$ cat query.txt   # compact mmCIF, C-alpha atoms
# COMPACT_ATOMS: atom_id res chain seq x y z
CA MET K 105 -38.67 15.81 -36.73
CA ALA K 106 -40.75 18.65 -38.23
CA GLY K 107 -38.85 21.84 -38.98
CA ARG K 108 -35.49 20.21 -38.58
CA SER K 109 -32.91 21.58 -41.02
CA THR K 110 -31.86 19.29 -43.81
CA LEU K 111 -28.70 21.27 -44.55
CA PRO K 112 -25.43 19.38 -44.28
CA ASN K 113 -23.53 20.25 -41.10
CA ILE K 114 -20.75 22.06 -42.97
CA HIS K 115 -23.30 24.46 -44.54
CA ARG K 116 -24.94 25.11 -41.20
CA VAL K 117 -21.57 26.06 -39.72
CA ASP K 118 -21.02 28.42 -42.67
CA ILE K 119 -24.38 30.09 -42.11
CA ILE K 120 -23.78 30.43 -38.36
CA LEU K 121 -20.34 31.94 -38.97
CA THR K 122 -21.78 34.37 -41.52
CA VAL K 123 -24.53 35.44 -39.10
CA ILE K 124 -22.01 35.85 -36.26
CA SER K 125 -19.58 37.75 -38.46
CA SER K 126 -22.24 40.11 -39.87
CA GLY K 127 -23.52 40.69 -36.33
CA TYR K 128 -19.98 41.45 -35.20
CA GLN K 129 -19.43 43.83 -38.13
CA GLU K 130 -22.71 45.56 -37.27
CA CYS K 131 -21.56 45.95 -33.64
CA VAL K 132 -18.19 47.32 -34.75
CA ARG K 133 -19.91 49.75 -37.15
CA THR K 134 -22.29 50.92 -34.37
CA ASP K 135 -19.31 51.33 -32.02
CA MET K 136 -17.42 53.36 -34.62
CA VAL K 137 -20.43 55.58 -35.30
CA ALA K 138 -20.84 56.15 -31.55
CA GLN K 139 -17.13 56.89 -31.24
CA ILE K 140 -17.17 59.44 -34.09
CA GLU K 141 -20.24 61.06 -32.50
CA PHE K 142 -18.33 61.30 -29.20
CA ILE K 143 -15.22 62.74 -30.87
CA LYS K 144 -17.41 65.29 -32.62
CA SER K 145 -18.89 66.41 -29.30
CA ILE K 146 -15.63 67.15 -27.48
CA PRO K 147 -13.89 70.56 -27.55
CA TYR K 148 -10.60 69.08 -28.76
CA PHE K 149 -11.97 68.22 -32.16
CA SER K 150 -14.68 70.84 -32.58
CA GLY K 151 -14.76 72.43 -36.01
CA LEU K 152 -13.33 69.37 -37.77
CA SER K 153 -14.88 68.16 -41.02
CA GLN K 154 -16.35 64.67 -41.27
CA SER K 155 -13.21 63.42 -43.03
CA GLY K 156 -11.11 64.98 -40.25
CA LEU K 157 -13.22 63.26 -37.61
CA ASP K 158 -12.92 59.96 -39.47
CA SER K 159 -9.14 60.23 -39.56
CA VAL K 160 -9.03 61.06 -35.81
CA GLY K 161 -11.29 58.03 -35.20
CA LYS K 162 -8.62 55.75 -36.63
CA TYR K 163 -6.22 56.68 -33.83
CA ILE K 164 -8.62 56.53 -30.88
CA PHE K 165 -8.73 53.46 -28.68
CA GLU K 166 -10.95 52.59 -25.74
CA LYS K 167 -10.13 51.64 -22.16
CA LYS K 168 -12.46 50.71 -19.34
CA ALA K 169 -11.75 50.86 -15.60
CA GLY K 170 -13.61 50.17 -12.38
CA ARG K 171 -13.97 52.33 -9.25
CA GLY K 172 -10.61 52.99 -7.59
CA GLU K 173 -8.57 51.71 -10.52
CA ILE K 174 -5.59 53.88 -11.46
CA VAL K 175 -5.60 54.69 -15.16
CA LEU K 176 -2.45 56.86 -15.22
CA PHE K 177 0.53 56.82 -12.89
CA GLU K 178 2.41 59.97 -11.92
CA GLY K 179 6.03 59.91 -13.11
CA GLU K 180 5.52 57.52 -16.00
CA PRO K 181 6.28 58.79 -19.52
CA ALA K 182 3.31 60.80 -20.81
CA GLU K 183 2.31 58.86 -23.87
CA THR K 184 -1.45 59.17 -24.11
CA LEU K 185 -4.06 61.89 -23.98
CA CYS K 186 -7.28 60.68 -22.37
CA PHE K 187 -10.92 61.65 -22.81
CA VAL K 188 -13.66 60.56 -20.45
CA VAL K 189 -16.57 59.04 -22.37
CA ALA K 190 -18.57 57.86 -19.34
CA GLY K 191 -18.04 58.06 -15.59
CA VAL K 192 -15.82 60.37 -13.56
CA VAL K 193 -12.03 60.42 -13.17
CA LYS K 194 -9.99 62.19 -10.48
CA VAL K 195 -6.56 63.61 -11.26
CA PHE K 196 -4.50 63.64 -8.08
CA LYS K 197 -1.09 63.80 -6.48
CA ILE K 198 0.13 62.01 -3.37
CA SER K 199 2.48 63.77 -0.93
CA PRO K 200 5.49 61.88 0.49
CA ASP K 201 3.51 61.24 3.69
CA GLY K 202 0.63 59.76 1.73
CA LYS K 203 -1.79 62.73 1.65
CA GLU K 204 -3.86 62.97 -1.48
CA GLN K 205 -4.52 66.24 -3.29
CA ILE K 206 -7.11 66.07 -6.04
CA LEU K 207 -6.22 68.55 -8.76
CA GLN K 208 -9.21 68.06 -10.96
CA ILE K 209 -12.37 66.04 -11.46
CA ILE K 210 -12.83 65.02 -15.08
CA ARG K 211 -16.36 64.53 -16.36
CA PRO K 212 -17.59 63.01 -19.64
CA GLY K 213 -16.37 64.98 -22.67
CA GLU K 214 -13.35 66.40 -20.82
CA SER K 215 -9.71 65.42 -21.24
CA PHE K 216 -6.74 64.86 -18.95
CA ASN K 217 -2.97 64.45 -19.18
CA ASP K 218 -2.82 67.18 -21.85
CA VAL K 219 0.01 69.22 -20.35
CA PRO K 220 2.73 66.51 -20.14
CA VAL K 221 1.68 65.08 -23.50
CA PHE K 222 2.45 68.43 -25.10
CA SER K 223 5.44 69.37 -22.95
CA GLY K 224 7.05 66.00 -23.57
CA GLY K 225 7.65 64.97 -19.99
CA VAL K 226 6.23 62.45 -17.58
CA ASN K 227 2.67 62.25 -16.21
CA LEU K 228 2.45 65.15 -13.74
CA ALA K 229 -0.25 63.46 -11.70
CA SER K 230 -2.01 60.15 -11.36
CA ALA K 231 -5.56 59.57 -12.53
CA GLY K 232 -8.06 57.19 -10.97
CA ALA K 233 -11.59 56.08 -11.77
CA MET K 234 -14.20 57.27 -9.25
CA GLY K 235 -16.67 54.69 -10.53
CA ALA K 236 -16.92 52.58 -13.65
CA VAL K 237 -15.39 54.65 -16.45
CA VAL K 238 -14.96 54.42 -20.20
CA LEU K 239 -12.06 56.34 -21.68
CA ASN K 240 -11.03 57.16 -25.20
CA MET K 241 -7.30 57.57 -25.62
CA ILE K 242 -4.94 58.78 -28.33
CA LYS K 243 -1.20 58.28 -28.44
CA LYS K 244 1.00 61.37 -28.35
CA SER K 245 2.60 60.55 -31.73
CA ASP K 246 -0.83 60.09 -33.35
CA LEU K 247 -2.11 63.33 -31.84
CA GLU K 248 0.84 65.17 -33.38
CA VAL K 249 -0.09 63.76 -36.80
CA VAL K 250 -3.70 64.95 -36.29
CA ILE K 251 -2.53 68.45 -35.31
CA ARG K 252 -0.28 68.71 -38.37
CA GLU K 253 -3.06 67.57 -40.67
CA HIS K 254 -5.79 69.66 -39.01
CA PRO K 255 -4.48 73.00 -37.66
CA GLN K 256 -7.95 73.71 -36.22
CA VAL K 257 -7.09 71.18 -33.49
CA ALA K 258 -4.05 73.32 -32.50
CA LEU K 259 -6.37 76.29 -31.88
CA ASN K 260 -8.66 74.08 -29.80
CA VAL K 261 -5.64 72.86 -27.79
CA ILE K 262 -4.61 76.46 -26.99
CA GLN K 263 -8.10 77.16 -25.68
CA ILE K 264 -8.17 74.00 -23.56
CA LEU K 265 -4.71 74.61 -22.08
CA SER K 266 -5.70 78.19 -21.24
CA GLN K 267 -8.73 76.89 -19.35
CA ARG K 268 -6.42 74.49 -17.52
CA VAL K 269 -4.24 77.42 -16.39
CA GLN K 270 -7.33 79.33 -15.24
CA HIS K 271 -8.45 76.33 -13.19
CA LEU K 272 -5.03 75.98 -11.53
CA VAL K 273 -4.87 79.71 -10.75
CA SER K 274 -8.23 79.44 -9.04
CA LEU K 275 -7.00 76.40 -7.07
CA VAL K 276 -3.91 78.34 -5.91
CA GLU K 277 -6.19 81.24 -4.90
CA ASP K 278 -8.37 78.79 -2.98
CA LEU K 279 -5.48 77.20 -1.10
CA SER K 280 -3.85 80.54 -0.30
CA PHE K 281 -6.69 82.83 0.65
CA ARG K 282 -9.87 80.96 1.63
CA HIS K 283 -10.62 79.46 5.03
CA VAL K 284 -11.71 75.81 5.01
CA THR K 285 -15.46 76.43 5.35
CA GLY K 286 -15.20 78.89 2.46
CA ARG K 287 -13.37 76.30 0.40
CA VAL K 288 -15.99 73.65 1.16
CA ALA K 289 -18.74 76.13 0.24
CA ARG K 290 -17.01 76.94 -3.03
CA MET K 291 -16.56 73.27 -3.86
CA LEU K 292 -20.21 72.51 -3.13
CA LEU K 293 -21.25 75.34 -5.45
CA GLU K 294 -18.95 74.03 -8.16
CA TYR K 295 -20.11 70.44 -7.98
CA ALA K 296 -23.80 70.89 -7.22
CA GLY K 297 -26.11 69.53 -9.87
CA ASP K 298 -29.86 69.64 -10.27
CA GLY K 299 -30.17 65.90 -9.65
CA THR K 300 -30.18 65.07 -13.37
CA GLY K 301 -27.23 64.03 -15.50
CA GLU K 302 -23.96 62.56 -14.42
CA ARG K 303 -22.31 64.29 -11.46
CA PRO K 304 -19.43 63.00 -9.40
CA ARG K 305 -20.34 61.62 -6.00
CA LEU K 306 -17.72 62.60 -3.47
CA THR K 307 -16.67 61.08 -0.18
CA GLN K 308 -15.52 63.44 2.58
CA GLN K 309 -12.00 62.16 2.02
CA GLU K 310 -12.20 63.11 -1.66
CA MET K 311 -13.61 66.54 -0.80
CA ALA K 312 -10.75 67.05 1.65
CA ALA K 313 -8.22 66.04 -0.96
CA MET K 314 -9.75 68.46 -3.45
CA ILE K 315 -9.46 71.50 -1.23
CA GLY K 316 -6.22 70.64 0.52
CA THR K 317 -7.45 69.91 4.02
CA ALA K 318 -8.13 67.00 6.36
CA ARG K 319 -11.28 64.86 6.21
CA GLU K 320 -12.20 65.97 9.72
CA MET K 321 -12.17 69.62 8.63
CA VAL K 322 -14.61 68.84 5.83
CA GLY K 323 -16.99 67.14 8.25
CA ARG K 324 -16.81 70.11 10.61
CA SER K 325 -17.31 72.61 7.78
CA ILE K 326 -20.33 70.73 6.43
CA LYS K 327 -21.88 70.92 9.93
CA THR K 328 -21.14 74.66 10.08
CA LEU K 329 -22.75 75.21 6.68
CA GLU K 330 -25.80 73.25 7.80
CA GLU K 331 -26.05 75.38 10.96
CA GLU K 332 -25.79 78.51 8.82
CA GLY K 333 -28.78 77.28 6.80
CA ALA K 334 -26.88 77.14 3.52
CA ILE K 335 -27.21 73.39 3.09
CA ARG K 336 -29.24 70.47 4.38
CA ILE K 337 -27.98 66.92 4.78
CA ASP K 338 -30.43 64.28 3.66
CA ARG K 339 -28.57 61.02 4.29
CA HIS K 340 -26.21 60.65 1.31
CA ARG K 341 -27.32 63.92 -0.25
CA ILE K 342 -25.95 67.38 0.45
CA ILE K 343 -28.75 69.67 -0.62
CA VAL K 344 -27.90 73.29 -1.30
CA THR K 345 -30.90 75.10 0.16
CA ASN K 346 -29.51 78.63 0.04
CA PRO K 347 -27.00 79.17 -2.77
CA ASP K 348 -26.75 82.90 -1.92
CA ALA K 349 -25.63 82.12 1.62
CA LEU K 350 -23.19 79.56 0.27
CA ARG K 351 -21.78 82.13 -2.18
CA ARG K 352 -21.40 84.66 0.63
CA ILE K 353 -19.50 82.15 2.77
CA ALA K 354 -17.40 81.12 -0.23
CA GLY K 355 -16.62 84.78 -0.91
CA VAL K 356 -17.75 84.63 -4.51
CA THR K 357 -19.83 87.38 -6.00
CA SER K 358 -21.71 85.64 -8.83
CA MET C 182 -33.24 50.13 -3.70
CA MET C 183 -31.68 51.82 -0.73
CA GLU C 184 -28.29 53.43 -1.12
CA MET C 185 -25.68 51.81 1.13
CA PRO C 186 -21.93 52.38 1.65
CA LEU C 187 -19.83 51.01 -1.20
CA ILE C 188 -17.45 48.18 -0.42
CA ASP C 189 -14.37 47.26 -2.39
CA ARG C 190 -14.18 43.54 -1.73
CA ASP C 191 -10.60 43.37 -3.02
CA LYS C 192 -9.40 45.87 -0.42
CA CYS C 193 -11.38 44.47 2.53
CA GLN C 194 -9.20 42.52 4.94
CA GLY C 195 -12.09 41.41 7.09
CA CYS C 196 -10.84 43.17 10.24
CA GLY C 197 -14.40 43.93 11.29
CA LEU C 198 -13.64 47.46 12.54
CA CYS C 199 -16.45 48.90 10.43
CA VAL C 200 -18.93 46.35 11.73
CA SER C 201 -17.93 47.29 15.24
CA VAL C 202 -18.59 51.01 14.74
CA CYS C 203 -21.77 50.62 12.69
CA ILE C 204 -24.69 51.50 14.91
CA CYS C 205 -27.43 50.43 12.51
CA GLY C 206 -26.39 46.87 11.73
CA GLY C 207 -25.91 47.72 8.06
CA LEU C 208 -22.64 45.84 7.77
CA VAL C 209 -21.96 42.17 8.30
CA LEU C 210 -18.90 40.00 7.91
CA THR C 211 -19.47 37.11 5.56
CA ASP C 212 -16.57 34.76 4.79
CA ASN C 213 -14.20 37.31 6.28
CA ILE C 214 -15.34 40.06 3.90
CA VAL C 215 -17.69 42.85 4.87
CA THR C 216 -21.02 43.15 3.10
CA ALA C 217 -23.58 45.94 3.29
CA VAL C 218 -27.16 45.00 3.96
CA GLU C 219 -30.01 47.39 3.31
CA VAL C 220 -31.26 48.86 6.55
CA GLU C 221 -33.59 51.82 6.96
CA GLU C 222 -31.64 52.96 10.01
CA CYS C 223 -28.44 53.77 8.07
CA HIS C 224 -28.09 57.54 8.38
CA TRP C 225 -24.85 57.81 6.39
CA CYS C 226 -22.78 58.64 9.45
CA THR C 227 -19.68 57.63 7.41
CA LEU C 228 -18.01 56.16 10.51
CA CYS C 229 -17.35 52.88 8.67
CA GLU C 230 -15.49 54.81 5.96
CA LEU C 231 -13.54 56.70 8.61
CA VAL C 232 -12.33 53.65 10.52
CA CYS C 233 -11.54 51.34 7.60
CA PRO C 234 -7.74 50.93 7.61
CA THR C 235 -7.56 49.91 3.95
CA GLY C 236 -9.98 52.39 2.38
CA ALA C 237 -12.30 49.57 1.36
CA ILE C 238 -15.49 51.44 2.32
CA SER C 239 -16.69 54.67 0.82
CA CYS C 240 -19.75 56.75 1.56
CA PRO C 241 -19.96 59.22 -1.32
CA PHE C 242 -22.31 62.21 -1.23
CA GLU C 243 -24.43 63.52 -4.02
CA ILE C 244 -24.46 67.33 -4.13
CA ILE C 245 -27.67 68.80 -5.46
CA ILE C 246 -29.32 72.19 -5.58
CA GLU C 247 -32.78 72.19 -4.04
CA LYS C 248 -35.55 72.57 -6.55
CA ASN C 249 -38.34 75.12 -6.04
CA GLN C 250 -36.25 77.31 -3.82
CA ASP C 251 -38.16 79.86 -1.85
CA SER C 252 -35.49 82.44 -1.36
CA ALA C 253 -37.92 84.63 0.60

$ encode --input "query.txt" --output "structure tokens"
Amino acid sequence: MAGRSTLPNIHRVDIILTVISSGYQECVRTDMVAQIEFIKSIPYFSGLSQSGLDSVGKYIFEKKAGRGEIVLFEGEPAETLCFVVAGVVKVFKISPDGKEQILQIIRPGESFNDVPVFSGGVNLASAGAMGAVVLNMIKKSDLEVVIREHPQVALNVIQILSQRVQHLVSLVEDLSFRHVTGRVARMLLEYAGDGTGERPRLTQQEMAAMIGTAREMVGRSIKTLEEEGAIRIDRHRIIVTNPDALRRIAGVTS
Amino acid sequence: MMEMPLIDRDKCQGCGLCVSVCICGGLVLTDNIVTAVEVEECHWCTLCELVCPTGAISCPFEIIIEKNQDSA
């Protein structure tokens, strides 16, 4: 038959294996380049030299999870620091009677589980995927090696942990002083995007868990905000039509 | 493609509660598991999410700031 290879079978297998292996190596190289690019873009490792980034890259491993999957369990030994590469992760606690309180929504480029990894305890909260997610993770022991070798990372860690404290203080303020409609307004302002880029999509149950109230209260508050003319509901979209009104209701000045 | 409620097939126990509360016919039980079908009439009432005993249905909202705001 025309065009049919005259190579002995054993040689053909060799060629196929070589092609597969070089393709695989190319994929691995592309993955590593993408991973180093990601590491470079996150606050944890900002200011690191290329050799520093390469050495961090050796310790990073990837994990994927689907919507609803738990990626960290509260109470288990804190052994890994996690970075979200793609998708959105919620960090949450469950009360003894089963009520969920979301502590934080983690978007691409952000990290979670930092505090227990550094304090040496157990995971303070659970973390779950709110859609398909890709995570990069680093073991606690490897992170300590990185920090010793690259003190710049220690400075970055201080900054990140300070931001974490600020966030928690604002959550305490929210739970203590704001009425539910105000809390919903504040949350909408915080999570509103311009329709581009990756933003978390939230169910009413998730919104309720984030601001420490019941799902029913969220539904009622959303109706109130719509009546006030601050937002408009367009099926599965909550459209902020009057951010100033929303800010006034939320009690925030800027 | 029209956005419809998300269904976690692993969590669905096929109780049919959601189908019973859905007023637009956007949910059907197939082989004892609920499936969403695209219907124009779905207004995202989120009742299916509310009644599901296993949390298998979610109706997430996108939060966006209106473009070209006329603050006047």

$ atom_distance --input "query.txt" --atom1 "atom CA of K:Ala354" --atom2 "atom CA of K:Val322"
14.0 Å

$ interface_residues --input "query.txt" --of "chain C" --to "chain K" --cutoff "8 Å" --atoms "only C-alpha atoms" --output "PyMOL selection string"
chain C and resi 184+224-225+239-248+250+252

$ atom_distance --input "query.txt" --atom1 "atom CA of K:Thr184" --atom2 "atom CA of K:Asp218"
8.4 Å

$ closest_residue --input "query.txt" --among "C:Cys229, C:Ile188, C:Cys196, C:Met182" --to "C:Ala217" --atoms "all atoms listed in the file"
C:Ile188

$ atom_distance --input "query.txt" --atom1 "atom CA of C:Pro186" --atom2 "atom CA of C:Val232"
13.1 Å

$ residues_around --input "query.txt" --residues "K:Phe281" --least-positions-apart "6" --cutoff "12 Å" --atoms "only C-alpha atoms" --output "ChimeraX atom specification"
/K:273-275,287,315,354-355

$ write_last_selection --input "query.txt" --atoms "C-alpha atoms" --output "CSV table (one decimal), in the frame of the given file"
chain,number,residue,atom,x,y,z
K,273,VAL,CA,-4.9,79.7,-10.8
K,274,SER,CA,-8.2,79.4,-9.0
K,275,LEU,CA,-7.0,76.4,-7.1
K,287,ARG,CA,-13.4,76.3,0.4
K,315,ILE,CA,-9.5,71.5,-1.2
K,354,ALA,CA,-17.4,81.1,-0.2
K,355,GLY,CA,-16.6,84.8,-0.9

$ closest_residue --input "query.txt" --among "C:Val209, C:Met185, C:Val220, C:Ile214" --to "C:Ala237" --atoms "all atoms listed in the file"
C:Ile214

$ closest_residue --input "query.txt" --among "C:Leu231, C:Cys226, C:Cys199, C:Cys193" --to "C:Asp212" --atoms "only C-alpha atoms"
C:Cys193

$ residues_around --input "query.txt" --residues "C:Val218" --least-positions-apart "2" --cutoff "7 Å" --atoms "all atoms listed in the file" --output "VMD selection string"
chain C and resid 207 to 208 216 220

$ residues_around --input "query.txt" --residues "K:Leu152" --least-positions-apart "6" --cutoff "8 Å" --atoms "all atoms listed in the file" --output "number ranges by chain"
K: 144, 254, 256-257

$ residues_around --input "query.txt" --residues "K:Leu239" --least-positions-apart "4" --cutoff "8 Å" --atoms "all atoms listed in the file" --output "ChimeraX atom specification"
/K:166-168,186-190

$ residues_near_point --input "query.txt" --point "(-10.9, 69.9, -42.3)" --cutoff "9 Å" --atoms "only C-alpha atoms" --output "PyMOL selection string"
chain K and resi 151-157+253-256

$ residues_around --input "query.txt" --residues "C:Gly195" --least-positions-apart "4" --cutoff "8 Å" --atoms "all atoms listed in the file" --output "list of chain:residue names"
C:Leu210, C:Asn213, C:Ile214, C:Val215

$ decode --input "query.txt" --residues "stretch 198-217 of chain K" --atoms "N, CA and C atoms" --output "short mmCIF file (atom, residue, chain, number, x, y, z; two decimals), in the first residue's frame"
data_model
loop_
_atom_site.label_atom_id
_atom_site.label_comp_id
_atom_site.auth_asym_id
_atom_site.auth_seq_id
_atom_site.Cartn_x
_atom_site.Cartn_y
_atom_site.Cartn_z
N ILE K 198 -18.83 25.31 60.86
CA ILE K 198 -20.19 24.80 61.07
C ILE K 198 -20.45 24.78 62.57
N SER K 199 -21.58 25.37 62.99
CA SER K 199 -21.93 25.37 64.41
C SER K 199 -22.42 23.98 64.82
N PRO K 200 -22.48 23.70 66.13
CA PRO K 200 -22.94 22.37 66.56
C PRO K 200 -24.32 22.01 66.01
N ASP K 201 -25.18 23.04 65.79
CA ASP K 201 -26.51 22.71 65.25
C ASP K 201 -26.55 22.77 63.72
N GLY K 202 -25.37 22.77 63.12
CA GLY K 202 -25.31 22.62 61.67
C GLY K 202 -25.36 23.91 60.86
N LYS K 203 -25.32 25.08 61.53
CA LYS K 203 -25.37 26.35 60.79
C LYS K 203 -23.98 26.69 60.26
N GLU K 204 -23.98 27.14 59.02
CA GLU K 204 -22.69 27.44 58.39
C GLU K 204 -22.37 28.93 58.48
N GLN K 205 -21.15 29.26 58.85
CA GLN K 205 -20.70 30.65 58.82
C GLN K 205 -19.48 30.73 57.90
N ILE K 206 -19.66 31.43 56.78
CA ILE K 206 -18.53 31.60 55.87
C ILE K 206 -17.64 32.71 56.42
N LEU K 207 -16.36 32.41 56.59
CA LEU K 207 -15.43 33.40 57.12
C LEU K 207 -14.80 34.21 56.00
N GLN K 208 -14.59 33.56 54.89
CA GLN K 208 -13.92 34.25 53.80
C GLN K 208 -14.14 33.55 52.46
N ILE K 209 -14.18 34.36 51.42
CA ILE K 209 -14.25 33.82 50.07
C ILE K 209 -12.87 34.03 49.47
N ILE K 210 -12.28 32.97 48.95
CA ILE K 210 -10.91 33.07 48.43
C ILE K 210 -10.93 33.01 46.91
N ARG K 211 -10.40 34.06 46.31
CA ARG K 211 -10.39 34.16 44.85
C ARG K 211 -9.00 33.81 44.30
N PRO K 212 -8.89 33.66 42.96
CA PRO K 212 -7.59 33.30 42.39
C PRO K 212 -6.47 34.27 42.83
N GLY K 213 -5.34 33.70 43.21
CA GLY K 213 -4.19 34.49 43.65
C GLY K 213 -4.13 34.63 45.16
N GLU K 214 -5.24 34.33 45.84
CA GLU K 214 -5.27 34.46 47.31
C GLU K 214 -4.97 33.12 47.97
N SER K 215 -4.65 33.19 49.27
CA SER K 215 -4.27 31.97 49.99
C SER K 215 -5.25 31.71 51.13
N PHE K 216 -5.24 30.49 51.64
CA PHE K 216 -5.99 30.19 52.86
C PHE K 216 -5.28 29.14 53.67
N ASN K 217 -5.70 29.05 54.93
CA ASN K 217 -5.09 28.16 55.94
C ASN K 217 -3.75 28.67 56.43
#
